[in-house]
Amino acid sequence: MKEEKKKKVKKPRGVAQLIPGKCIACGARCEASCPKEAITMNDKGEPIIDVKKCIGCNKCVKVCPSEALEIYYTPEELKILAELEKDKEALAEIEAEEMDEEEARIAAKLKEYKDVWVFVEQTEGEPATVSWELLGVGDRLAQALGVKLCSIVIGSKVEALCKESFAYGAALSYLVDDPKFLNYRTEAYRDAVCHLADKYKPQILLIGATGLGRDLAGAVATKLATGLTADCTGLDIDDHGFLLQTRPAFGGNIMATIVTERHRPQMASVRPHVMPLPERDTSRTGKIIRETLKVGRKDLAVKVLEIIHDAKGKDAVDVTAAEIIVAGGAGLQAQENFSILQELAAELGGVVGASRRAVDACWMPAECQIGQTGKTVGPKIYIACGISGAIQHLVGMQGSDVIIAINNDKHAPIFEVATYGIVGDVFKIVPAITRRIRELRAQK
Ligand SMILES: Cc1cc2nc3c(=O)[nH]c(=O)nc-3n(C[C@H](O)[C@H](O)[C@H](O)COP(=O)(O)OP(=O)(O)OC[C@H]3O[C@@H](n4cnc5c(N)ncnc54)[C@H](O)[C@@H]3O)c2cc1C
C-alpha cells in the first residue's frame with residue numbers, strides 16, 4: 001500500500017513569493033542564489049519572481065537577510081503537505097526520491113562526516129591557550145550535534161598535550177608524533193591535518209586564529225577544498241545541524257553569519273580570548289589514536305634554524321590577550337604621561353596599548369601598537385585616551401566589546417565607534433577614574 005502511495009504522491013514544492021513591504025533592497029542576493037534564473041530585480045532593487053521558472057528550492061528564502069521571501073503553496077498543495085506530515089516515513093522517502101543526483105551525492109557525502117575537532121597548537125611543546133578555549137566551544141557544538149569532541153595533536157614528543165586536551169573536554173585525541181614535526185612547517189602540518197581529516201572525517205574543524213593557525217587553516221581548507229571562516233566571534237549549530245559561523249564584516253559594521261552547506265569539514269578560526277576558557281579537570285581521560293604518515297622531502301624544504309622568543313619573554317605585554325586595554329595616543333603629549341594610563345590599567349587588571357603616533361614618538365614599544373600595522377585586539381573593555389580614531393587605528397580595535405573614548409575634541413571619529421564617550425581633558429579624566437575605582441575598592 002505504502003509503495004503505491006509513494007509513487008502517486010509528489011511533495012509540493014510551492015513557489016517563492018515576496019512579502020510586501022519587507023524587502024530592504026540588499027543587493028540582489030536572492031537573484032544570485034536562484035539556480036533557475038527565476039528572479040530579476042526591479043528598479044527599486046526588489047525581486048520579481050517568474051513563477052513558471054521557480055522550482056520552490058527555498059534558496060532565495062534562506063539567503064534573504066530581511067525574511068522578505070516565503071514559499072507559497074496553493075490550498076490543494078497545503079492539503080497534500082498536511083497528509084504527508086502525518087506519515088513522516090513516507091515523506092522522507094518521497095523527499096529522497098525527489099532529490100536530484102547531485103544533491104543526493106552531496107547529502108550522502110556529508111553524512112560520512114561526524115565529530116567536532118580542535119587543532120591543538122603548540123610551539124616547542126608549549127600549547128597555545130586558544131586551543132583549550134576552542135575545546136570549550138567545541139564541547140558545546142559536539143553536544144548540540146550528539147557527536148564526539150576530538151583534538152588533533154601534531155609535533156614531536158607531544159603526547160602529554162593529548163592528555164591535557166582530555167582535561168579540557170576532548171574525548172578522543174588524534175596524535176601525529178614524529179621528530180619531523182618538531183617545528184611548524186606549513187606543508188608538513190597541512191598534510192598531517194588533511195591526512196587525518198580524509199581518514200576520520202570531522203564535520204567541524206576549529207583552529208586558533210594565531211599567526212600559525214591562520215597559516216595552517218588556509219592551507220588545510222585549500223587542500224580539502226572546503227570553506228573557512230576566519231576570525232569568528234560566535235559559533236553555533238542551526239536546526240539543520242550546520243555550523244553557524246559569525247564574524248564581523250565590512251569593517252565591523254555588520255555581523256555576518258556564514259554556513260558551509262555543501263563541503264566538509266566546516267572550518268572556522270577563532271582569535272585568542274574570544275571564547276571563554278573551560279574548566280580544567282585532570283580526572284577526565286580519553287582515547288589516543290596514533291597516526292603516522294610519510295612526509296616528502298619537498299614538504300620539509302623550509303628549515304627552522306632558530307626560534308627567537310620575544311626579548312621580554314613571558315613578561316612582555318600581550319595586548320592581543322588582554323581583556324582590558326587602556327590605550328594612549330598623541331593626546332598624551334609625552335612618554336612620561338603614559339604613567340596615568342599605567343595606573344588606570346593596573347587598577348583594572350589591564351594593559352596599556354598605543355596608537356601609531358605614540359609608538360612613532362617612541363613613547364611606547366612597537367608591540368603595544370594597535371591597528372592596521374600593529375596588533376588586532378578584541379578586549380572586553382578598550383579605553384581610548386587622546387586617540388583621534390583614524391581608520392587604521394579603528395580596524396585594530398573596533399571588535400572590542402565595550403569602547404570608552406576620552407578626547408577633548410567632540411568631533412573626533414573615535415566617538416563614532418565608542419560605546420561611551422567622554423569629551424574632556426585626558427589629564428583630568430583618567431586620574432579621576434583611577435581615584436574613583438580606588439575609593440570604591442576602599443569602601444568594600
Ligand atoms: C598605512 C598606514 C598604517 C597605519 N597603521 C596604524 C596603526 O596600526 N595604528 C594606528 O594607531 N595608526 C596607524 N596609522 C596612523 C593613523 O593614520 C593615524 O595617524 C594615527 O592613528 C593617529 O594617532 P593618534 O590618534 O594618537 O593621533 P592624532 O590623530 O593626532 O589624535 C590625537 C587626538 O588626541 C586628542 N587630544 C589632544 N590632547 C588631548 C587631551 N589633553 N585630552 C583629550 N584628548 C586630547 C585630539 O583631539 C586628537 O583627537 C597608519 C597610517 C597609515 C598610512
# chains A, B, ... in the order shown; residues from 1 in each chain; ligands from 1

$ residues_around --residues "Asp178 in chain A" --least-positions-apart "6" --cutoff "8 Å" --atoms "only C-alpha atoms" --output "tab-separated table (two decimals) with C-alpha atoms, in the first residue's frame"
chain	number	residue	atom	x	y	z
A	155	GLY	CA	54.54	17.60	16.95
A	156	SER	CA	57.42	15.71	18.48
A	157	LYS	CA	57.10	14.24	21.98
A	292	THR	CA	51.95	8.03	11.13

$ residues_around --residues "Arg357 in chain A" --least-positions-apart "3" --cutoff "7 Å" --atoms "only C-alpha atoms" --output "count of residues only"
4

$ select_by_dssp --residues "range 364-414 of chain A" --states "strand (DSSP E or B)" --output "ChimeraX atom specification"
/A:369-370,375,381-385,402-407

$ residues_near_ligand --ligand "ligand 1" --cutoff "10 Å" --atoms "only C-alpha atoms and all ligand atoms" --output "PyMOL selection string"
chain A and resi 327-333+353-361+366+368-376+384-397+405-415+422-430

$ write_last_selection --atoms "C-alpha atoms" --output "PDB file, in the first residue's frame"
ATOM      1  CA  ALA A 327      45.356  52.868  25.046  1.00  0.00           C
ATOM      2  CA  GLY A 328      47.034  56.224  24.595  1.00  0.00           C
ATOM      3  CA  GLY A 329      47.641  58.372  21.551  1.00  0.00           C
ATOM      4  CA  ALA A 330      49.231  61.648  20.553  1.00  0.00           C
ATOM      5  CA  GLY A 331      46.909  63.407  23.015  1.00  0.00           C
ATOM      6  CA  LEU A 332      49.136  62.114  25.834  1.00  0.00           C
ATOM      7  CA  GLN A 333      51.848  64.529  24.604  1.00  0.00           C
ATOM      8  CA  GLY A 353      48.266  49.940  24.357  1.00  0.00           C
ATOM      9  CA  ALA A 354      49.097  52.751  21.956  1.00  0.00           C
ATOM     10  CA  SER A 355      48.287  54.384  18.643  1.00  0.00           C
ATOM     11  CA  ARG A 356      50.932  54.519  15.956  1.00  0.00           C
ATOM     12  CA  ARG A 357      51.691  58.148  16.643  1.00  0.00           C
ATOM     13  CA  ALA A 358      52.538  57.276  20.233  1.00  0.00           C
ATOM     14  CA  VAL A 359      54.753  54.425  19.048  1.00  0.00           C
ATOM     15  CA  ASP A 360      56.410  56.520  16.337  1.00  0.00           C
ATOM     16  CA  ALA A 361      57.224  59.110  19.007  1.00  0.00           C
ATOM     17  CA  ALA A 366      56.059  48.719  18.955  1.00  0.00           C
ATOM     18  CA  CYS A 368      51.838  47.766  22.040  1.00  0.00           C
ATOM     19  CA  GLN A 369      50.723  49.355  18.778  1.00  0.00           C
ATOM     20  CA  ILE A 370      47.113  48.663  17.894  1.00  0.00           C
ATOM     21  CA  GLY A 371      45.793  48.994  14.378  1.00  0.00           C
ATOM     22  CA  GLN A 372      46.383  48.097  10.777  1.00  0.00           C
ATOM     23  CA  THR A 373      50.152  47.843  11.094  1.00  0.00           C
ATOM     24  CA  GLY A 374      50.005  46.859  14.750  1.00  0.00           C
ATOM     25  CA  LYS A 375      48.000  44.279  16.624  1.00  0.00           C
ATOM     26  CA  THR A 376      44.318  43.456  16.302  1.00  0.00           C
ATOM     27  CA  ALA A 384      40.991  55.094  24.056  1.00  0.00           C
ATOM     28  CA  CYS A 385      42.703  58.122  25.591  1.00  0.00           C
ATOM     29  CA  GLY A 386      43.730  61.018  23.361  1.00  0.00           C
ATOM     30  CA  ILE A 387      43.320  58.899  20.226  1.00  0.00           C
ATOM     31  CA  SER A 388      41.548  60.521  17.285  1.00  0.00           C
ATOM     32  CA  GLY A 389      40.192  57.292  15.766  1.00  0.00           C
ATOM     33  CA  ALA A 390      41.864  57.158  12.350  1.00  0.00           C
ATOM     34  CA  ILE A 391      40.588  54.225  10.293  1.00  0.00           C
ATOM     35  CA  GLN A 392      43.981  52.483  10.547  1.00  0.00           C
ATOM     36  CA  HIS A 393      43.591  52.515  14.333  1.00  0.00           C
ATOM     37  CA  LEU A 394      39.917  51.539  14.297  1.00  0.00           C
ATOM     38  CA  VAL A 395      40.471  48.372  12.248  1.00  0.00           C
ATOM     39  CA  GLY A 396      42.611  47.028  15.060  1.00  0.00           C
ATOM     40  CA  MET A 397      40.253  47.659  17.970  1.00  0.00           C
ATOM     41  CA  ALA A 405      36.694  57.115  24.294  1.00  0.00           C
ATOM     42  CA  ILE A 406      38.201  60.106  26.088  1.00  0.00           C
ATOM     43  CA  ASN A 407      39.003  63.016  23.802  1.00  0.00           C
ATOM     44  CA  ASN A 408      38.790  66.803  24.094  1.00  0.00           C
ATOM     45  CA  ASP A 409      37.504  67.125  20.535  1.00  0.00           C
ATOM     46  CA  LYS A 410      33.831  66.201  20.412  1.00  0.00           C
ATOM     47  CA  HIS A 411      34.089  65.665  16.644  1.00  0.00           C
ATOM     48  CA  ALA A 412      36.887  63.088  16.929  1.00  0.00           C
ATOM     49  CA  PRO A 413      35.979  59.999  14.816  1.00  0.00           C
ATOM     50  CA  ILE A 414      36.698  57.696  17.760  1.00  0.00           C
ATOM     51  CA  PHE A 415      33.314  58.717  19.183  1.00  0.00           C
ATOM     52  CA  ILE A 422      33.768  61.378  27.409  1.00  0.00           C
ATOM     53  CA  VAL A 423      34.561  64.778  25.932  1.00  0.00           C
ATOM     54  CA  GLY A 424      37.280  66.351  28.021  1.00  0.00           C
ATOM     55  CA  ASP A 425      40.900  66.549  29.048  1.00  0.00           C
ATOM     56  CA  VAL A 426      42.528  63.156  29.375  1.00  0.00           C
ATOM     57  CA  PHE A 427      44.838  64.511  32.106  1.00  0.00           C
ATOM     58  CA  LYS A 428      41.841  65.267  34.300  1.00  0.00           C
ATOM     59  CA  ILE A 429      39.541  62.388  33.412  1.00  0.00           C
ATOM     60  CA  VAL A 430      41.904  59.412  33.607  1.00  0.00           C
TER      61      VAL A 430
END

$ select_by_dssp --residues "range 120-169 of chain A" --states "helix (DSSP H, G or I)" --output "ChimeraX atom specification"
/A:129-145,159-167

$ write_last_selection --atoms "C-alpha atoms" --output "mmCIF file, in the first residue's frame"
data_model
loop_
_atom_site.group_PDB
_atom_site.id
_atom_site.type_symbol
_atom_site.label_atom_id
_atom_site.label_comp_id
_atom_site.auth_asym_id
_atom_site.auth_seq_id
_atom_site.Cartn_x
_atom_site.Cartn_y
_atom_site.Cartn_z
ATOM 1 C CA THR A 129 45.726 28.648 25.267
ATOM 2 C CA VAL A 130 43.342 29.349 22.386
ATOM 3 C CA SER A 131 43.291 25.581 21.720
ATOM 4 C CA TRP A 132 41.723 24.966 25.126
ATOM 5 C CA GLU A 133 39.296 27.832 24.563
ATOM 6 C CA LEU A 134 38.241 26.134 21.337
ATOM 7 C CA LEU A 135 37.695 22.852 23.170
ATOM 8 C CA GLY A 136 35.253 24.771 25.371
ATOM 9 C CA VAL A 137 33.131 25.970 22.465
ATOM 10 C CA GLY A 138 33.746 22.683 20.603
ATOM 11 C CA ASP A 139 32.201 20.787 23.511
ATOM 12 C CA ARG A 140 29.022 22.853 23.220
ATOM 13 C CA LEU A 141 28.846 22.197 19.462
ATOM 14 C CA ALA A 142 29.531 18.472 19.861
ATOM 15 C CA GLN A 143 26.801 18.197 22.464
ATOM 16 C CA ALA A 144 24.316 20.013 20.218
ATOM 17 C CA LEU A 145 25.128 17.560 17.411
ATOM 18 C CA GLU A 159 51.602 13.072 23.786
ATOM 19 C CA ALA A 160 51.150 14.991 27.044
ATOM 20 C CA LEU A 161 49.064 17.508 25.094
ATOM 21 C CA CYS A 162 46.535 14.793 24.202
ATOM 22 C CA LYS A 163 46.060 14.192 27.913
ATOM 23 C CA GLU A 164 45.825 17.919 28.533
ATOM 24 C CA SER A 165 43.134 18.124 25.844
ATOM 25 C CA PHE A 166 41.124 15.483 27.749
ATOM 26 C CA ALA A 167 41.307 17.713 30.819
#

$ residues_around --residues "Tyr174 in chain A" --least-positions-apart "3" --cutoff "10 Å" --atoms "only C-alpha atoms" --output "ChimeraX atom specification"
/A:117,119,150-154,159,162,177,193,196,200,287-291

$ residues_around --residues "Pro272 in chain A" --least-positions-apart "5" --cutoff "12 Å" --atoms "only C-alpha atoms" --output "PDB file with C-alpha atoms, in the first residue's frame"
ATOM      1  CA  GLU A 121      48.585  24.403  18.566  1.00  0.00           C
ATOM      2  CA  ALA A 128      48.537  27.879  22.798  1.00  0.00           C
ATOM      3  CA  THR A 129      45.726  28.648  25.267  1.00  0.00           C
ATOM      4  CA  VAL A 130      43.342  29.349  22.386  1.00  0.00           C
ATOM      5  CA  SER A 131      43.291  25.581  21.720  1.00  0.00           C
ATOM      6  CA  TRP A 132      41.723  24.966  25.126  1.00  0.00           C
ATOM      7  CA  GLU A 133      39.296  27.832  24.563  1.00  0.00           C
ATOM      8  CA  LEU A 134      38.241  26.134  21.337  1.00  0.00           C
ATOM      9  CA  ILE A 207      41.749  26.282  14.632  1.00  0.00           C
ATOM     10  CA  GLY A 208      43.032  29.225  16.701  1.00  0.00           C
ATOM     11  CA  ALA A 209      43.458  32.439  14.692  1.00  0.00           C
ATOM     12  CA  THR A 210      47.075  32.905  15.759  1.00  0.00           C
ATOM     13  CA  GLY A 211      49.914  33.512  13.292  1.00  0.00           C
ATOM     14  CA  GLY A 213      46.767  28.926  12.979  1.00  0.00           C
ATOM     15  CA  ARG A 214      45.908  31.412  10.250  1.00  0.00           C
ATOM     16  CA  ASP A 231      38.219  35.202  12.990  1.00  0.00           C
ATOM     17  CA  CYS A 232      34.802  34.008  14.128  1.00  0.00           C
ATOM     18  CA  THR A 233      33.358  35.671  17.187  1.00  0.00           C
ATOM     19  CA  LEU A 277      38.481  29.046  28.806  1.00  0.00           C
ATOM     20  CA  ASP A 318      50.500  40.973  25.104  1.00  0.00           C
ATOM     21  CA  VAL A 319      47.780  43.386  24.053  1.00  0.00           C
ATOM     22  CA  THR A 320      46.073  40.693  21.984  1.00  0.00           C
ATOM     23  CA  ALA A 321      45.486  38.594  25.092  1.00  0.00           C
ATOM     24  CA  ALA A 322      44.328  41.412  27.362  1.00  0.00           C
ATOM     25  CA  GLU A 323      40.721  41.688  28.488  1.00  0.00           C
ATOM     26  CA  THR A 376      44.318  43.456  16.302  1.00  0.00           C
ATOM     27  CA  VAL A 377      42.696  43.312  19.693  1.00  0.00           C
ATOM     28  CA  GLY A 378      39.288  42.301  20.982  1.00  0.00           C
ATOM     29  CA  PRO A 379      39.221  43.030  24.717  1.00  0.00           C
TER      30      PRO A 379
END

$ atom_distance --atom1 "CA of Arg435 in chain A" --atom2 "CA of Ile403 in chain A"
20.3 Å

$ residues_around --residues "Gly56 in chain A" --least-positions-apart "5" --cutoff "6 Å" --atoms "only C-alpha atoms" --output "ChimeraX atom specification"
/A:13-16

$ residues_around --residues "range 345-348 of chain A" --least-positions-apart "5" --cutoff "10 Å" --atoms "only C-alpha atoms" --output "PyMOL selection string"
chain A and resi 323-327+339-340+353+381+383+433-435+437-438+441

$ write_last_selection --atoms "C-alpha atoms" --output "compact mmCIF listing (two decimals), in the first residue's frame"
# COMPACT_ATOMS: atom_id res chain seq x y z
CA GLU A 323 40.72 41.69 28.49
CA ILE A 324 41.11 45.36 29.36
CA ILE A 325 43.25 47.80 27.39
CA VAL A 326 43.90 51.42 28.24
CA ALA A 327 45.36 52.87 25.05
CA SER A 339 52.09 56.70 33.69
CA ILE A 340 48.48 57.84 34.23
CA GLY A 353 48.27 49.94 24.36
CA ILE A 381 36.91 46.96 27.54
CA ILE A 383 39.65 52.78 26.77
CA ILE A 433 38.54 57.45 37.08
CA THR A 434 41.53 55.80 38.79
CA ARG A 435 40.77 57.70 42.01
CA ILE A 437 37.99 52.99 41.44
CA ARG A 438 40.34 53.16 44.41
CA ARG A 441 37.68 49.42 46.44

$ atom_distance --atom1 "CA of Glu76 in chain A" --atom2 "CA of Ile48 in chain A"
24.3 Å

$ atom_distance --atom1 "CA of Thr257 in chain A" --atom2 "CA of His240 in chain A"
14.7 Å

$ residues_around --residues "range 216-218 of chain A" --least-positions-apart "3" --cutoff "7 Å" --atoms "only C-alpha atoms" --output "list in words"
Thr186, Arg190, Ile207, Leu212, Gly213, Ala221 and Thr222 of chain A

$ write_last_selection --atoms "C-alpha atoms" --output "PDB file, in the first residue's frame"
ATOM      1  CA  THR A 186      53.128  24.717   6.621  1.00  0.00           C
ATOM      2  CA  ARG A 190      48.889  20.795   6.364  1.00  0.00           C
ATOM      3  CA  ILE A 207      41.749  26.282  14.632  1.00  0.00           C
ATOM      4  CA  LEU A 212      50.473  29.755  12.981  1.00  0.00           C
ATOM      5  CA  GLY A 213      46.767  28.926  12.979  1.00  0.00           C
ATOM      6  CA  ALA A 221      40.961  24.475   3.694  1.00  0.00           C
ATOM      7  CA  THR A 222      42.506  24.901   0.247  1.00  0.00           C
TER       8      THR A 222
END
